[in-house]
$ cat coords.cif   # mmCIF, C-alpha atoms
data_work
#
loop_
_atom_site.label_atom_id
_atom_site.label_comp_id
_atom_site.auth_asym_id
_atom_site.auth_seq_id
_atom_site.Cartn_x
_atom_site.Cartn_y
_atom_site.Cartn_z
CA MET A 1 80.83 118.84 181.33
CA ALA A 2 83.15 115.93 180.57
CA LEU A 3 80.80 113.21 181.72
CA ARG A 4 80.19 109.87 180.05
CA SER A 5 77.65 107.20 180.89
CA LEU A 6 77.33 103.82 179.24
CA PHE A 7 75.33 100.64 179.64
CA ARG A 8 77.02 97.27 180.06
CA PRO A 9 75.72 93.70 180.50
CA GLN A 10 75.21 92.17 183.94
CA GLY A 11 78.37 91.51 185.84
CA SER A 12 79.39 95.17 185.93
CA ASN A 13 78.67 97.62 188.74
CA GLY A 14 75.18 99.09 189.12
CA THR A 15 71.80 97.68 188.20
CA LEU A 16 69.52 98.31 185.25
CA CYS A 17 66.52 96.60 183.69
CA ASN A 18 66.58 94.14 180.79
CA GLY A 19 69.92 92.62 181.82
CA TRP A 20 71.84 95.89 181.59
CA LYS A 21 73.81 97.71 184.24
CA LEU A 22 74.73 101.36 184.51
CA ILE A 23 78.30 102.57 184.64
CA THR A 24 79.06 106.23 185.17
CA GLY A 25 82.42 107.88 185.09
CA ASN A 26 84.00 111.24 184.55
CA THR A 27 87.16 112.34 182.87
CA GLN A 28 87.67 115.29 185.23
CA ARG A 29 86.62 116.34 188.69
CA LEU A 30 82.95 117.40 188.72
CA THR A 31 81.65 120.28 190.75
CA SER A 32 78.90 119.48 193.23
CA SER A 33 76.29 121.05 190.96
CA GLN A 34 77.52 119.07 187.94
CA ALA A 35 77.46 115.84 189.93
CA ALA A 36 73.95 116.53 191.21
CA SER A 37 72.70 117.28 187.71
CA ALA A 38 74.39 114.18 186.30
CA ALA A 39 72.72 112.00 188.93
CA ILE A 40 69.29 113.43 188.10
CA LEU A 41 69.79 112.83 184.38
CA GLU A 42 71.09 109.29 184.90
CA GLN A 43 68.13 108.42 187.13
CA GLU A 44 65.71 109.77 184.53
CA LEU A 45 67.31 107.51 181.91
CA VAL A 46 67.02 104.54 184.27
CA ASN A 47 63.33 105.34 184.79
CA ILE A 48 62.75 105.44 181.03
CA ARG A 49 64.40 102.07 180.52
CA GLU A 50 62.53 100.49 183.42
CA ALA A 51 59.25 101.72 181.95
CA GLY A 52 60.13 99.98 178.68
CA THR A 53 59.91 103.23 176.71
CA PHE A 54 63.59 103.82 175.92
CA LYS A 55 63.90 104.58 172.20
CA SER A 56 66.98 103.09 170.57
CA GLU A 57 68.12 104.29 167.16
CA ARG A 58 68.90 101.76 164.47
CA VAL A 59 71.67 102.81 162.11
CA ILE A 60 70.94 102.79 158.36
CA THR A 61 73.97 102.41 156.09
CA SER A 62 72.22 103.12 152.78
CA GLN A 63 70.07 105.82 151.25
CA GLN A 64 66.40 105.97 152.20
CA GLY A 65 64.16 103.76 150.09
CA PRO A 66 61.64 100.91 150.04
CA SER A 67 64.51 98.65 151.05
CA ILE A 68 67.55 99.66 153.07
CA TYR A 69 70.66 98.29 154.75
CA VAL A 70 70.68 98.36 158.55
CA LYS A 71 73.82 98.06 160.66
CA GLY A 72 73.88 94.70 162.42
CA SER A 73 71.39 93.09 160.03
CA GLU A 74 72.17 91.01 156.98
CA GLY A 75 70.96 91.79 153.48
CA ASN A 76 68.30 94.13 152.17
CA ILE A 77 65.66 95.14 154.72
CA LEU A 78 62.17 96.19 153.63
CA ASN A 79 61.45 99.63 155.09
CA PHE A 80 57.90 100.16 156.33
CA CYS A 81 58.32 103.00 158.81
CA ALA A 82 59.63 105.99 156.84
CA ASN A 83 57.72 109.11 155.82
CA ASN A 84 58.99 108.53 152.29
CA TYR A 85 55.42 108.13 151.03
CA LEU A 86 56.22 108.62 147.34
CA GLY A 87 59.67 107.04 147.26
CA LEU A 88 61.23 110.34 146.19
CA SER A 89 63.94 110.59 148.87
CA SER A 90 66.36 108.68 146.65
CA HIS A 91 64.74 109.28 143.25
CA PRO A 92 67.51 109.78 140.63
CA ALA A 93 65.99 113.02 139.33
CA VAL A 94 65.73 114.45 142.85
CA ILE A 95 69.34 113.52 143.64
CA GLU A 96 70.56 115.00 140.36
CA ALA A 97 68.71 118.26 141.04
CA GLY A 98 70.43 118.52 144.41
CA LYS A 99 73.85 117.89 142.85
CA LYS A 100 73.35 120.60 140.23
CA ALA A 101 72.21 123.12 142.83
CA LEU A 102 75.27 122.33 144.92
CA GLU A 103 77.45 123.24 141.95
CA THR A 104 75.52 126.34 140.84
CA HIS A 105 74.30 127.78 144.16
CA GLY A 106 76.66 126.33 146.78
CA ALA A 107 76.26 124.31 149.95
CA GLY A 108 74.55 127.06 151.92
CA LEU A 109 74.03 130.80 152.26
CA SER A 110 75.75 131.38 155.62
CA SER A 111 73.02 133.89 156.33
CA VAL A 112 69.37 134.52 157.01
CA ARG A 113 66.96 135.44 154.22
CA PHE A 114 66.64 139.21 154.68
CA ILE A 115 70.38 139.88 154.90
CA CYS A 116 71.98 137.96 152.03
CA GLY A 117 70.31 134.60 152.03
CA THR A 118 67.60 134.69 149.38
CA GLN A 119 68.39 133.10 146.02
CA ASP A 120 66.31 132.80 142.87
CA ILE A 121 65.61 129.13 143.58
CA HIS A 122 64.05 129.99 146.96
CA LYS A 123 61.61 132.40 145.32
CA GLU A 124 60.85 129.89 142.55
CA LEU A 125 60.05 127.15 145.06
CA GLU A 126 57.79 129.46 147.08
CA GLU A 127 55.88 130.34 143.92
CA LYS A 128 55.55 126.62 143.07
CA ILE A 129 54.24 125.79 146.55
CA ALA A 130 51.68 128.61 146.43
CA LYS A 131 50.46 127.42 143.03
CA PHE A 132 50.34 123.79 144.22
CA HIS A 133 48.07 124.72 147.13
CA GLY A 134 46.12 127.42 145.32
CA LYS A 135 47.24 130.17 147.72
CA ASP A 136 48.50 133.71 147.20
CA ASP A 137 52.05 133.07 148.37
CA ALA A 138 54.27 130.82 150.47
CA ILE A 139 57.23 131.30 152.79
CA LEU A 140 59.99 128.74 153.38
CA TYR A 141 61.35 127.68 156.77
CA ILE A 142 64.16 125.36 157.77
CA SER A 143 61.52 122.89 159.02
CA CYS A 144 57.76 122.68 159.49
CA PHE A 145 58.43 122.72 163.22
CA ASP A 146 59.81 126.22 162.66
CA ALA A 147 56.87 127.15 160.43
CA ASN A 148 54.51 126.16 163.25
CA ALA A 149 56.66 127.94 165.81
CA GLY A 150 56.70 131.12 163.74
CA ILE A 151 53.09 131.76 162.76
CA PHE A 152 50.84 132.02 165.82
CA GLU A 153 52.86 134.69 167.61
CA VAL A 154 52.72 136.88 164.51
CA LEU A 155 49.09 136.29 163.57
CA LEU A 156 47.39 136.36 166.97
CA SER A 157 47.24 138.99 169.72
CA PRO A 158 45.73 138.93 173.25
CA GLU A 159 42.47 140.07 171.64
CA ASP A 160 42.32 136.86 169.56
CA ALA A 161 41.55 133.21 170.25
CA VAL A 162 43.16 130.01 169.02
CA ILE A 163 41.11 126.80 169.23
CA SER A 164 43.23 123.68 168.79
CA ASP A 165 42.53 119.93 168.53
CA GLU A 166 43.81 118.22 171.68
CA LEU A 167 45.92 115.74 169.67
CA ASN A 168 47.67 118.27 167.44
CA HIS A 169 51.37 117.80 166.75
CA ALA A 170 53.92 118.91 169.35
CA SER A 171 55.15 121.69 167.04
CA ILE A 172 51.65 123.20 166.94
CA ILE A 173 51.38 122.99 170.72
CA ASP A 174 54.76 124.69 171.16
CA GLY A 175 53.93 127.36 168.57
CA ILE A 176 50.66 128.21 170.30
CA ARG A 177 52.49 128.50 173.63
CA LEU A 178 54.54 131.34 172.15
CA CYS A 179 51.53 133.50 171.27
CA LYS A 180 49.49 135.67 173.63
CA ALA A 181 46.08 134.73 172.27
CA GLN A 182 43.37 133.19 174.42
CA ARG A 183 43.87 129.43 174.10
CA TYR A 184 41.19 126.78 173.82
CA ARG A 185 41.54 123.06 173.22
CA TYR A 186 38.71 120.98 171.79
CA LYS A 187 38.26 117.22 172.15
CA HIS A 188 39.83 115.26 169.34
CA ARG A 189 37.73 115.61 166.15
CA ASP A 190 34.71 116.57 168.30
CA MET A 191 32.73 119.15 166.36
CA LYS A 192 30.22 119.81 169.14
CA ASP A 193 33.04 120.70 171.50
CA LEU A 194 34.69 122.85 168.83
CA GLU A 195 31.48 124.79 168.24
CA SER A 196 30.95 125.33 171.96
CA LEU A 197 34.42 126.87 172.20
CA LEU A 198 33.83 129.03 169.13
CA LEU A 199 30.75 130.40 170.89
CA GLU A 200 32.70 130.89 174.11
CA ALA A 201 35.28 132.94 172.19
CA LYS A 202 32.72 134.85 170.11
CA ASN A 203 33.79 138.28 171.38
CA CYS A 204 37.42 137.86 170.33
CA ARG A 205 38.75 139.93 167.45
CA GLN A 206 39.94 136.89 165.46
CA ARG A 207 39.38 133.19 166.02
CA LEU A 208 41.65 130.58 164.49
CA ILE A 209 40.75 126.87 164.35
CA VAL A 210 43.93 124.79 164.29
CA THR A 211 44.17 121.12 163.34
CA ASP A 212 46.44 118.53 161.80
CA GLY A 213 45.10 117.47 158.43
CA VAL A 214 46.10 113.90 159.32
CA PHE A 215 47.15 112.89 162.84
CA SER A 216 50.47 111.15 162.53
CA MET A 217 50.31 108.65 165.39
CA ASP A 218 46.83 107.37 164.55
CA GLY A 219 46.53 107.92 160.80
CA ASN A 220 43.10 109.45 161.20
CA VAL A 221 41.94 112.34 159.06
CA THR A 222 40.47 115.50 160.54
CA PRO A 223 36.77 116.15 159.66
CA LEU A 224 37.83 119.11 157.55
CA LYS A 225 34.51 119.76 155.84
CA ASP A 226 32.75 120.09 159.20
CA ILE A 227 35.55 122.31 160.48
CA CYS A 228 35.34 124.59 157.45
CA ASP A 229 31.56 124.76 157.79
CA LEU A 230 31.93 125.81 161.43
CA GLY A 231 34.60 128.31 160.47
CA GLU A 232 32.30 129.88 157.91
CA LYS A 233 29.33 129.85 160.28
CA HIS A 234 31.25 131.52 163.11
CA LYS A 235 33.55 133.69 160.97
CA ALA A 236 36.69 131.87 162.14
CA MET A 237 39.82 131.16 160.12
CA VAL A 238 40.99 127.58 159.53
CA PHE A 239 44.62 126.42 159.76
CA ILE A 240 45.80 122.89 158.92
CA ASP A 241 49.16 121.18 159.25
CA GLU A 242 49.53 118.96 156.17
CA CYS A 243 52.83 117.21 156.88
CA HIS A 244 51.26 113.77 156.53
CA ALA A 245 49.18 114.63 153.48
CA THR A 246 51.12 116.87 151.09
CA GLY A 247 52.10 115.14 147.87
CA PHE A 248 50.31 111.81 148.34
CA PHE A 249 46.87 112.27 149.92
CA GLY A 250 43.93 113.29 147.77
CA ALA A 251 43.44 112.48 144.10
CA THR A 252 46.50 114.43 142.92
CA GLY A 253 48.36 114.74 146.24
CA ARG A 254 47.07 118.19 147.19
CA GLY A 255 46.28 116.90 150.66
CA THR A 256 43.32 116.93 153.01
CA GLU A 257 41.67 119.90 151.29
CA GLU A 258 41.56 117.98 148.03
CA TYR A 259 40.53 114.73 149.72
CA PHE A 260 37.34 116.47 150.90
CA ASN A 261 36.91 118.52 147.69
CA LEU A 262 37.35 121.75 149.64
CA ASP A 263 39.87 123.54 147.46
CA GLY A 264 40.29 127.10 148.71
CA LYS A 265 38.26 126.66 151.90
CA VAL A 266 41.27 126.44 154.23
CA ASP A 267 42.86 129.80 155.03
CA ILE A 268 46.38 128.71 156.01
CA ILE A 269 48.35 125.56 155.19
CA ASN A 270 51.61 124.64 156.89
CA SER A 271 53.51 121.63 155.63
CA THR A 272 56.89 119.99 155.18
CA LEU A 273 59.43 119.24 152.49
CA GLY A 274 60.95 116.58 154.74
CA LYS A 275 58.53 113.73 154.14
CA ALA A 276 56.93 112.96 150.76
CA ILE A 277 58.47 115.98 149.02
CA GLY A 278 62.07 114.84 148.75
CA GLY A 279 62.51 113.84 152.37
CA ALA A 280 65.42 116.15 153.21
CA ALA A 281 64.28 119.11 155.32
CA GLY A 282 62.31 122.33 155.17
CA GLY A 283 58.79 123.52 155.80
CA TYR A 284 56.51 126.31 154.71
CA THR A 285 53.40 128.39 155.28
CA ALA A 286 51.05 128.95 152.33
CA GLY A 287 48.23 131.45 152.64
CA PRO A 288 47.03 135.01 152.07
CA GLN A 289 49.55 137.51 150.70
CA SER A 290 49.22 139.84 153.68
CA LEU A 291 49.99 137.01 156.11
CA VAL A 292 53.04 135.82 154.20
CA ASP A 293 54.32 139.41 153.90
CA LEU A 294 53.91 139.90 157.65
CA LEU A 295 55.67 136.62 158.43
CA ARG A 296 58.68 137.81 156.44
CA GLN A 297 58.79 140.88 158.68
CA ARG A 298 58.14 139.36 162.10
CA SER A 299 58.36 135.56 162.19
CA ARG A 300 61.29 134.81 164.48
CA PRO A 301 62.28 131.35 163.12
CA TYR A 302 62.36 132.90 159.63
CA LEU A 303 64.28 136.03 160.63
CA PHE A 304 66.83 134.34 162.87
CA SER A 305 67.49 130.97 161.17
CA ASN A 306 69.82 130.29 158.28
CA THR A 307 68.30 129.97 154.83
CA LEU A 308 67.26 126.54 153.58
CA PRO A 309 70.35 125.09 151.78
CA PRO A 310 70.23 125.28 147.95
CA PRO A 311 70.53 121.50 147.36
CA VAL A 312 67.54 120.91 149.65
CA VAL A 313 65.54 123.58 147.81
CA ALA A 314 66.37 122.04 144.44
CA CYS A 315 65.49 118.50 145.62
CA ALA A 316 62.12 119.67 146.94
CA SER A 317 61.39 121.65 143.79
CA LYS A 318 62.08 118.60 141.61
CA ALA A 319 59.93 116.46 143.91
CA PHE A 320 57.01 118.86 143.43
CA ASP A 321 57.54 118.59 139.66
CA LEU A 322 57.38 114.80 139.86
CA VAL A 323 54.19 114.91 141.92
CA MET A 324 52.50 117.27 139.47
CA GLU A 325 53.70 115.29 136.45
CA ASN A 326 52.76 111.86 137.86
CA PRO A 327 49.18 111.76 139.17
CA ASP A 328 49.47 107.98 139.46
CA LEU A 329 51.82 108.27 142.46
CA PRO A 330 49.03 109.06 144.99
CA LYS A 331 46.93 106.30 143.41
CA LYS A 332 49.75 103.80 144.01
CA VAL A 333 49.98 104.86 147.65
CA LEU A 334 46.23 104.29 148.00
CA SER A 335 46.17 100.87 146.32
CA ASN A 336 49.10 99.65 148.45
CA THR A 337 47.40 101.00 151.58
CA LEU A 338 44.12 99.23 150.86
CA ARG A 339 45.94 95.97 150.16
CA PHE A 340 47.87 96.10 153.43
CA ARG A 341 44.88 97.10 155.57
CA SER A 342 42.60 94.49 154.02
CA ARG A 343 45.00 91.58 154.51
CA MET A 344 45.96 92.63 158.07
CA THR A 345 42.35 93.06 159.15
CA ASP A 346 41.39 89.70 157.64
CA ALA A 347 44.22 88.13 159.66
CA GLY A 348 42.74 89.46 162.91
CA PHE A 349 44.96 92.46 163.62
CA THR A 350 43.46 95.70 164.92
CA LEU A 351 44.46 98.70 162.80
CA SER A 352 43.59 102.26 163.68
CA GLY A 353 43.37 105.22 161.35
CA ASP A 354 41.35 106.02 158.26
CA LYS A 355 41.25 103.21 155.71
CA GLU A 356 42.58 105.32 152.81
CA HIS A 357 45.57 106.83 154.62
CA PRO A 358 49.00 105.11 154.45
CA ILE A 359 49.71 105.50 158.16
CA CYS A 360 48.55 102.09 159.39
CA PRO A 361 49.04 101.67 163.17
CA VAL A 362 48.95 98.03 164.23
CA MET A 363 47.57 98.27 167.77
CA LEU A 364 49.27 96.02 170.34
CA GLY A 365 48.68 97.86 173.63
CA ASP A 366 51.75 96.77 175.61
CA ALA A 367 54.99 98.72 175.13
CA LYS A 368 57.31 95.74 175.56
CA LEU A 369 55.18 93.64 173.23
CA ALA A 370 55.40 96.31 170.54
CA CYS A 371 59.18 96.58 170.95
CA ASP A 372 59.75 92.82 170.91
CA PHE A 373 57.40 92.39 167.94
CA ALA A 374 59.35 95.01 165.96
CA ASP A 375 62.65 93.27 166.79
CA LYS A 376 61.29 89.97 165.49
CA MET A 377 60.10 91.71 162.32
CA LEU A 378 63.64 92.99 161.76
CA GLU A 379 64.92 89.43 162.06
CA ARG A 380 62.52 88.63 159.20
CA GLY A 381 63.95 91.47 157.11
CA ILE A 382 61.17 94.01 157.80
CA TYR A 383 62.02 97.39 159.33
CA VAL A 384 59.22 98.66 161.59
CA ILE A 385 59.31 100.45 164.95
CA GLY A 386 57.27 100.02 168.12
CA PHE A 387 55.73 103.25 169.41
CA SER A 388 54.94 103.67 173.10
CA TYR A 389 54.51 106.35 175.78
CA PRO A 390 55.23 109.29 175.70
CA VAL A 391 54.92 109.31 171.91
CA VAL A 392 51.49 107.69 172.25
CA PRO A 393 49.23 107.36 175.34
CA LYS A 394 49.96 104.66 177.91
CA GLY A 395 48.30 101.38 176.98
CA LYS A 396 48.15 102.38 173.30
CA ALA A 397 51.49 100.98 172.13
CA ARG A 398 51.61 100.09 168.47
CA ILE A 399 53.71 99.41 165.42
CA ARG A 400 53.11 102.25 163.01
CA VAL A 401 53.41 100.90 159.48
CA GLN A 402 53.77 103.47 156.70
CA ILE A 403 53.06 102.56 153.11
CA SER A 404 54.88 104.03 150.12
CA ALA A 405 54.22 104.22 146.40
CA SER A 406 57.63 102.61 145.97
CA HIS A 407 56.54 99.38 147.68
CA SER A 408 55.53 96.56 145.36
CA GLU A 409 52.58 94.24 145.99
CA LYS A 410 55.15 91.55 146.72
CA ASP A 411 56.67 93.79 149.43
CA ILE A 412 53.22 94.32 150.97
CA ASP A 413 52.41 90.60 150.99
CA ARG A 414 55.80 89.61 152.43
CA THR A 415 55.34 92.10 155.25
CA VAL A 416 51.81 90.94 156.06
CA ASP A 417 52.96 87.32 156.04
CA ALA A 418 55.67 88.18 158.57
CA PHE A 419 53.14 90.02 160.76
CA ILE A 420 50.87 86.97 160.72
CA ASP A 421 53.63 84.47 161.55
CA ILE A 422 55.03 86.57 164.40
CA GLY A 423 51.56 87.53 165.58
CA ARG A 424 50.72 83.85 166.00
CA GLN A 425 54.00 83.15 167.80
CA MET A 426 53.31 86.01 170.23
CA LYS A 427 49.60 85.13 170.53
CA VAL A 428 48.46 88.47 169.12
CA VAL A 429 46.32 86.74 166.49
CA ALA A 430 44.97 83.19 166.32
#
$ encode --input "coords.cif" --output "structure tokens"
Amino acid sequence: MALRSLFRPQGSNGTLCNGWKLITGNTQRLTSSQAASAAILEQELVNIREAGTFKSERVITSQQGPSIYVKGSEGNILNFCANNYLGLSSHPAVIEAGKKALETHGAGLSSVRFICGTQDIHKELEEKIAKFHGKDDAILYISCFDANAGIFEVLLSPEDAVISDELNHASIIDGIRLCKAQRYRYKHRDMKDLESLLLEAKNCRQRLIVTDGVFSMDGNVTPLKDICDLGEKHKAMVFIDECHATGFFGATGRGTEEYFNLDGKVDIINSTLGKAIGGAAGGYTAGPQSLVDLLRQRSRPYLFSNTLPPPVVACASKAFDLVMENPDLPKKVLSNTLRFRSRMTDAGFTLSGDKEHPICPVMLGDAKLACDFADKMLERGIYVIGFSYPVVPKGKARIRVQISASHSEKDIDRTVDAFIDIGRQMKVVA
């Protein structure tokens, strides 16, 4: 459909919120069905803008790092909203590993794994991941979204039950929708509710408890010890998504399992290579050998998606090496996190999340306030983003600050100072 729609300032035809007006046009005659569909889509976009929840994308003109260049802004901008928790996305050794793999193994495999798309570096990375997590084996996917989409349908049958935290990531929700197991949802981090559902599903062949290790919008950590205790008590398996923990959370970056000193208690770990571990792309499942073997045979995202590109594999592999060789990296994330949280709380801001996790949501409540606050921060040379519905519940708008090992104490203090100045201007703090 050759349809274009664009937003222009007032003075043009049509009306839109925030001083913008809607112009629609077409470069060819539309059928009645195309025109009807276009009108529905345009109205939905108008509704999103009027609700103050339209998400614009800022354009970065540099590599990812603690400071970046942003189109339309002058000078270096401090970046406090990336998942680059260890600063490895642009680490020289990671970049060099990707370059070498491009030369030795090519840009891509043009194939899926079981046909002609498995290289030695893929097997080496899977072995490294399994060793890192203390599991039998691991299987790579093009993303953790795919890893979550590919596991539940294979593992669970109509005779089984899956019991999932109500605030689990969208990829977990979508993955569970694909399976035929009996589905239960327990109240967020509510162990009494979880146990009641385990009892309700006691006659099922298998029961799988599913939770994020760390919940990305709130920065709160799942009560994993209690979950594992319930799993053992009721003979249920435990699955965790570790995307916001792998590489930087826990004493040596082994994630939520290590944070609670529960090494080996979790049955299945899904995680990503696209955040702390190089920041490019890719995900994986690590777990029992029989499960990984079965996923290679039946997991649809694995069987029908192209192989992870060799440069991405090499970057992630080098990132794992750096994590294992530098135990001080997670410690730096922690010290920066504690500094930021302490100063912000002392200034009167309300922060959600667990105090030792680098996701630090600054709670503002109002969607427009969060958006305007983030814009003013950018004017001060600080890149943060306002989050609002539907990414977070209505009335829970926030600026989600994410701390990295690559931030200096000076970076932390400059950012807090900007928060305080703007917070006073906007009457968020006294």
$ closest_residue --input "coords.cif" --among "A:Lys396, A:Arg424, A:Lys376, A:Arg185" --to "Met217 of chain A" --atoms "only C-alpha atoms"
A:Lys396
$ closest_atom_pairs --input "coords.cif" --of "segment 184-284 of chain A" --to "segment 340-355 of chain A" --cutoff "7 Å" --atoms "all atoms listed in the file" --output "Markdown table"
| residue | atom | partner | partner_atom | distance |
| --- | --- | --- | --- | --- |
| A:Asp218 | CA | A:Gly353 | CA | 5.2 |
| A:Gly219 | CA | A:Gly353 | CA | 4.2 |
| A:Asn220 | CA | A:Gly353 | CA | 4.2 |
| A:Val221 | CA | A:Asp354 | CA | 6.4 |
$ write_last_selection --input "coords.cif" --atoms "C-alpha atoms" --output "PDB file, in the frame of the given file"
ATOM      1  CA  ASP A 218      46.830 107.370 164.550  1.00  0.00           C
ATOM      2  CA  GLY A 219      46.530 107.920 160.800  1.00  0.00           C
ATOM      3  CA  ASN A 220      43.100 109.450 161.200  1.00  0.00           C
ATOM      4  CA  VAL A 221      41.940 112.340 159.060  1.00  0.00           C
TER       5      VAL A 221
END
$ resolve_selection --input "coords.cif" --expression "the PyMOL selection byres ((chain A and resi 90) around 12)" --output "PyMOL selection string"
chain A and resi 62-68+84-89+91-98+275-280+315-316+318-319+406
$ closest_residue --input "coords.cif" --among "A:Cys179, A:Leu338, A:Ile227, A:Ala101" --to "Ile403 of chain A" --atoms "only C-alpha atoms"
A:Leu338
$ resolve_selection --input "coords.cif" --expression "the PyMOL selection byres ((chain A and resi 142-150) around 8)" --output "PyMOL selection string"
chain A and resi 140-141+151-154+171-172+174-176+178+243+270-274+281-285+295+299-302+305-308
$ atom_distance --input "coords.cif" --atom1 "atom CA of Glu126 of chain A" --atom2 "atom CA of Ile209 of chain A"
24.4 Å
$ closest_residue --input "coords.cif" --among "A:Val392, A:Ala374, A:Leu262, A:Leu208" --to "Thr415 of chain A" --atoms "all atoms listed in the file"
A:Ala374
$ resolve_selection --input "coords.cif" --expression "the PyMOL selection byres ((chain A and resi 120) around 12)" --output "PyMOL selection string"
chain A and resi 101+104-105+113+116-119+121-127+310+313-314
$ residues_around --input "coords.cif" --residues "Lys192 of chain A" --least-positions-apart "5" --cutoff "12 Å" --atoms "all atoms listed in the file" --output "count of residues only"
8
$ atom_distance --input "coords.cif" --atom1 "atom CA of Asp212 of chain A" --atom2 "atom CA of Gly134 of chain A"
18.7 Å
$ atom_distance --input "coords.cif" --atom1 "atom CA of Arg207 of chain A" --atom2 "atom CA of Val266 of chain A"
13.7 Å
$ closest_residue --input "coords.cif" --among "A:Ala405, A:Val210, A:Val384, A:Ile422" --to "Gly231 of chain A" --atoms "only C-alpha atoms"
A:Val210
$ closest_residue --input "coords.cif" --among "A:Leu334, A:Gly106, A:Phe215, A:Ala201" --to "Gly250 of chain A" --atoms "only C-alpha atoms"
A:Leu334
$ residues_around --input "coords.cif" --residues "Lys55 of chain A" --least-positions-apart "2" --cutoff "12 Å" --atoms "all atoms listed in the file" --output "mmCIF file with C-alpha atoms, in the coordinates of the input"
data_model
loop_
_atom_site.group_PDB
_atom_site.id
_atom_site.type_symbol
_atom_site.label_atom_id
_atom_site.label_comp_id
_atom_site.auth_asym_id
_atom_site.auth_seq_id
_atom_site.Cartn_x
_atom_site.Cartn_y
_atom_site.Cartn_z
ATOM 1 C CA LEU A 45 67.310 107.510 181.910
ATOM 2 C CA ILE A 48 62.750 105.440 181.030
ATOM 3 C CA ARG A 49 64.400 102.070 180.520
ATOM 4 C CA ALA A 51 59.250 101.720 181.950
ATOM 5 C CA GLY A 52 60.130 99.980 178.680
ATOM 6 C CA THR A 53 59.910 103.230 176.710
ATOM 7 C CA GLU A 57 68.120 104.290 167.160
ATOM 8 C CA ARG A 58 68.900 101.760 164.470
ATOM 9 C CA ALA A 367 54.990 98.720 175.130
ATOM 10 C CA LYS A 368 57.310 95.740 175.560
ATOM 11 C CA ALA A 370 55.400 96.310 170.540
ATOM 12 C CA CYS A 371 59.180 96.580 170.950
ATOM 13 C CA ILE A 385 59.310 100.450 164.950
ATOM 14 C CA GLY A 386 57.270 100.020 168.120
ATOM 15 C CA PHE A 387 55.730 103.250 169.410
ATOM 16 C CA SER A 388 54.940 103.670 173.100
ATOM 17 C CA TYR A 389 54.510 106.350 175.780
ATOM 18 C CA PRO A 390 55.230 109.290 175.700
ATOM 19 C CA VAL A 391 54.920 109.310 171.910
#
$ axis_aligned_box --input "coords.cif" --around "segment 141-144 of chain A" --padding-each-side "4 Å" --output "AutoDock Vina command-line options"
--center_x 61.0 --center_y 125.2 --center_z 158.1 --size_x 14.4 --size_y 13.0 --size_z 10.7
$ closest_residue --input "coords.cif" --among "A:Ser37, A:Ala251, A:Gly213, A:Gln182" --to "Asp328 of chain A" --atoms "all atoms listed in the file"
A:Ala251
$ decode --input "coords.cif" --residues "segment 36-47 of chain A" --atoms "N, CA and C atoms" --output "tab-separated table (two decimals), in the first residue's frame"
chain	number	residue	atom	x	y	z
A	36	ALA	N	-10.12	2.22	4.29
A	36	ALA	CA	-10.72	1.96	5.60
A	36	ALA	C	-9.67	1.57	6.62
A	37	SER	N	-8.74	0.71	6.20
A	37	SER	CA	-7.67	0.28	7.09
A	37	SER	C	-6.75	1.44	7.45
A	38	ALA	N	-6.44	2.27	6.46
A	38	ALA	CA	-5.58	3.43	6.71
A	38	ALA	C	-6.22	4.37	7.72
A	39	ALA	N	-7.52	4.59	7.61
A	39	ALA	CA	-8.21	5.48	8.53
A	39	ALA	C	-8.17	4.94	9.96
A	40	ILE	N	-8.34	3.63	10.10
A	40	ILE	CA	-8.28	3.00	11.42
A	40	ILE	C	-6.90	3.18	12.04
A	41	LEU	N	-5.87	2.93	11.24
A	41	LEU	CA	-4.50	3.05	11.73
A	41	LEU	C	-4.17	4.49	12.11
A	42	GLU	N	-4.59	5.44	11.27
A	42	GLU	CA	-4.31	6.85	11.55
A	42	GLU	C	-5.01	7.29	12.84
A	43	GLN	N	-6.25	6.83	13.04
A	43	GLN	CA	-6.97	7.22	14.24
A	43	GLN	C	-6.31	6.64	15.49
A	44	GLU	N	-5.80	5.41	15.37
A	44	GLU	CA	-5.10	4.79	16.50
A	44	GLU	C	-3.85	5.59	16.87
A	45	LEU	N	-3.13	6.08	15.86
A	45	LEU	CA	-1.96	6.91	16.12
A	45	LEU	C	-2.35	8.22	16.78
A	46	VAL	N	-3.45	8.82	16.32
A	46	VAL	CA	-3.95	10.05	16.95
A	46	VAL	C	-4.28	9.79	18.41
A	47	ASN	N	-4.94	8.68	18.69
A	47	ASN	CA	-5.30	8.33	20.07
A	47	ASN	C	-4.07	8.20	20.95
